[in-house]
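Let me begin by presenting the structure, written as structure tokens, before commenting on it.
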Amino acid sequence: METPSPTTVPVQIVAYTPAYAQAFYDLNHAWISRYFFMEEADKKSLGDPQGYILDKGGYILMALYQGQPVGTCALIKDGEGIFELAKMAVTPQAQGLKIGKQLGEAAIAQARQAGAHRLYLVSNRRLETALHLYRRLGFVEVPMPPSIYARADIMMELDLRS
């Protein structure tokens with residue numbers, strides 16, 4: 001894939017369909033394996049996005065460049081009006097093109113449309129670029145409760161009521 005300049009990136013953010021199942025898995029497996037290791041919760045959500053995310057009231061967004069999936073993120077429903085922003089990934093070739101920002105903004109808009117009042121995420125402090133993006137999107141650090149992910153050492157949230 002040719003790397004375009006950030007000002008000319010024609011990216012489409014689309015809703016997940018089963019045709020994107022392998023791309024959703026591959027995009028996330030790539031970054032998780034690069035920095036950490038696949039945990040049981042990863043295997044469940046990536047192996048069955050329909051059952052683990054969508055059937056429970058969540059959403060998955062895909063970023064397409066020239067019709068090819070280059071990024072993704074999920075909103076996992078975690079109670080009435082609460083969603084977790086999760087499984088955000090962008091291919092290394094497309095990083096730096098503001099695709100993560102577009103995915104994040106689309107996910108926030110989707111959460112608002114779904115009636116969410118709170119959006120949170122868990123991450124790792126080693127992922128400085130991702131944390132910077134989350135802060136630019138308006139997320140703030142909050143105390144970290146126990147997580148299903150061993151790699152998680154930071155929690156951030158966004159109050160959608162304002």
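Scheme for the structure tokens: letters A, B, ... for chains in order shown; per-chain residue numbers from 1; ligand numbers from 1 in order shown.
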
Discussion item. Which residues are close to Arg112 (chain A), i.e. within 12 Å by only C-alpha atoms, leaving aside same-chain residues fewer than 2 positions away? Reply as a ChimeraX atom specification.
Written reply: /A:75,81-83,105-110,114-119,158-162

Fill in: strand (DSSP E) call set, DSSP backbone run, region 14-153 of chain A, as a ChimeraX atom specification
/A:14-15,59-65,68-77,82-90,118-123,140-142

Would you put the residues from that selection into a file with C-alpha atoms, as a short mmCIF file (atom, residue, chain, number, x, y, z; two decimals), in the first residue's frame?
data_model
loop_
_atom_site.label_atom_id
_atom_site.label_comp_id
_atom_site.auth_asym_id
_atom_site.auth_seq_id
_atom_site.Cartn_x
_atom_site.Cartn_y
_atom_site.Cartn_z
CA VAL A 14 -17.91 2.25 8.04
CA ALA A 15 -19.86 -0.10 10.28
CA TYR A 59 -20.43 -1.47 17.78
CA ILE A 60 -17.35 -1.98 15.63
CA LEU A 61 -16.09 0.63 13.20
CA MET A 62 -13.69 0.02 10.34
CA ALA A 63 -11.49 2.59 8.62
CA LEU A 64 -11.08 1.96 4.90
CA TYR A 65 -8.43 3.46 2.64
CA GLN A 68 -9.05 -1.75 2.20
CA PRO A 69 -9.39 -1.97 6.00
CA VAL A 70 -6.52 -0.06 7.62
CA GLY A 71 -8.01 0.59 11.07
CA THR A 72 -10.70 -0.40 13.52
CA CYS A 73 -12.14 0.25 16.95
CA ALA A 74 -14.97 -1.15 19.02
CA LEU A 75 -17.50 0.13 21.52
CA ILE A 76 -18.27 -2.58 24.04
CA LYS A 77 -21.46 -2.00 26.00
CA ILE A 82 -21.70 3.13 29.43
CA PHE A 83 -19.38 1.89 26.70
CA GLU A 84 -15.74 0.86 26.63
CA LEU A 85 -13.69 2.15 23.71
CA ALA A 86 -11.62 -0.91 22.83
CA LYS A 87 -9.69 -2.74 20.14
CA MET A 88 -8.46 0.41 18.40
CA ALA A 89 -5.82 -0.39 15.81
CA VAL A 90 -4.35 1.20 12.69
CA ARG A 118 -19.82 7.71 29.75
CA LEU A 119 -17.10 6.27 27.58
CA TYR A 120 -13.99 4.70 29.09
CA LEU A 121 -10.92 2.80 27.98
CA VAL A 122 -8.06 0.87 29.50
CA SER A 123 -4.59 1.00 28.04
CA VAL A 140 -8.94 12.07 31.23
CA GLU A 141 -7.15 9.62 33.49
CA VAL A 142 -9.21 8.13 36.33
#

Worksheet entry | Residue set, region 79-150 of chain A restricted to alpha helix (DSSP H), as a PyMOL selection string | chain A and resi 99-113+128-136

Practice prompt. Would you mind telling me which residue in A:Pro49, A:Gly96, A:Gly138, A:Gly58 lies nearest to Asp78 (chain A) when using only C-alpha atoms?
Written response: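 So, comparing all the options, the nearest one is A:Gly58.
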
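If you look at CA of Asp48 (chain A) and CA of Lys98 (chain A), they are 27.8 Å away from each other.
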
Worksheet entry | Polymer residues at most 7 Å from region 21-26 of chain A, only C-alpha atoms, same-chain spacing of 2 or more positions, as a list in words |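 With the cut-off at 7 Å, the set is Pro18, Ala19, Asn28, His29, Ala30, Leu46, Pro69 and Thr72 of chain A.
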
Could those residues be written to a file, using N, CA, C and O atoms, as a PDB file, in the first residue's frame?
ATOM      1  N   PRO A  18     -19.697  -8.882   8.816  1.00  0.00           N
ATOM      2  CA  PRO A  18     -18.903 -10.122   8.921  1.00  0.00           C
ATOM      3  C   PRO A  18     -17.773 -10.212   7.886  1.00  0.00           C
ATOM      4  O   PRO A  18     -16.784 -10.909   8.124  1.00  0.00           O
ATOM      5  N   ALA A  19     -17.887  -9.495   6.787  1.00  0.00           N
ATOM      6  CA  ALA A  19     -16.809  -9.506   5.785  1.00  0.00           C
ATOM      7  C   ALA A  19     -15.507  -8.934   6.340  1.00  0.00           C
ATOM      8  O   ALA A  19     -14.430  -9.221   5.810  1.00  0.00           O
ATOM      9  N   ASN A  28      -5.935  -6.048  15.137  1.00  0.00           N
ATOM     10  CA  ASN A  28      -5.715  -6.065  16.580  1.00  0.00           C
ATOM     11  C   ASN A  28      -4.619  -7.045  16.991  1.00  0.00           C
ATOM     12  O   ASN A  28      -3.796  -6.735  17.845  1.00  0.00           O
ATOM     13  N   HIS A  29      -4.609  -8.208  16.381  1.00  0.00           N
ATOM     14  CA  HIS A  29      -3.568  -9.191  16.702  1.00  0.00           C
ATOM     15  C   HIS A  29      -2.181  -8.597  16.449  1.00  0.00           C
ATOM     16  O   HIS A  29      -1.252  -8.801  17.235  1.00  0.00           O
ATOM     17  N   ALA A  30      -2.044  -7.830  15.379  1.00  0.00           N
ATOM     18  CA  ALA A  30      -0.746  -7.257  15.021  1.00  0.00           C
ATOM     19  C   ALA A  30      -0.223  -6.326  16.112  1.00  0.00           C
ATOM     20  O   ALA A  30       0.928  -6.449  16.542  1.00  0.00           O
ATOM     21  N   LEU A  46     -11.854 -10.983  19.748  1.00  0.00           N
ATOM     22  CA  LEU A  46     -11.401 -11.013  18.359  1.00  0.00           C
ATOM     23  C   LEU A  46     -11.886 -12.254  17.625  1.00  0.00           C
ATOM     24  O   LEU A  46     -12.116 -12.224  16.425  1.00  0.00           O
ATOM     25  N   PRO A  69      -9.382  -2.289   4.576  1.00  0.00           N
ATOM     26  CA  PRO A  69      -9.394  -1.968   5.998  1.00  0.00           C
ATOM     27  C   PRO A  69      -7.983  -1.667   6.509  1.00  0.00           C
ATOM     28  O   PRO A  69      -7.074  -2.482   6.348  1.00  0.00           O
ATOM     29  N   THR A  72      -9.452   0.045  12.907  1.00  0.00           N
ATOM     30  CA  THR A  72     -10.697  -0.396  13.517  1.00  0.00           C
ATOM     31  C   THR A  72     -10.763   0.070  14.963  1.00  0.00           C
ATOM     32  O   THR A  72      -9.730   0.401  15.564  1.00  0.00           O
TER      33      THR A  72
END
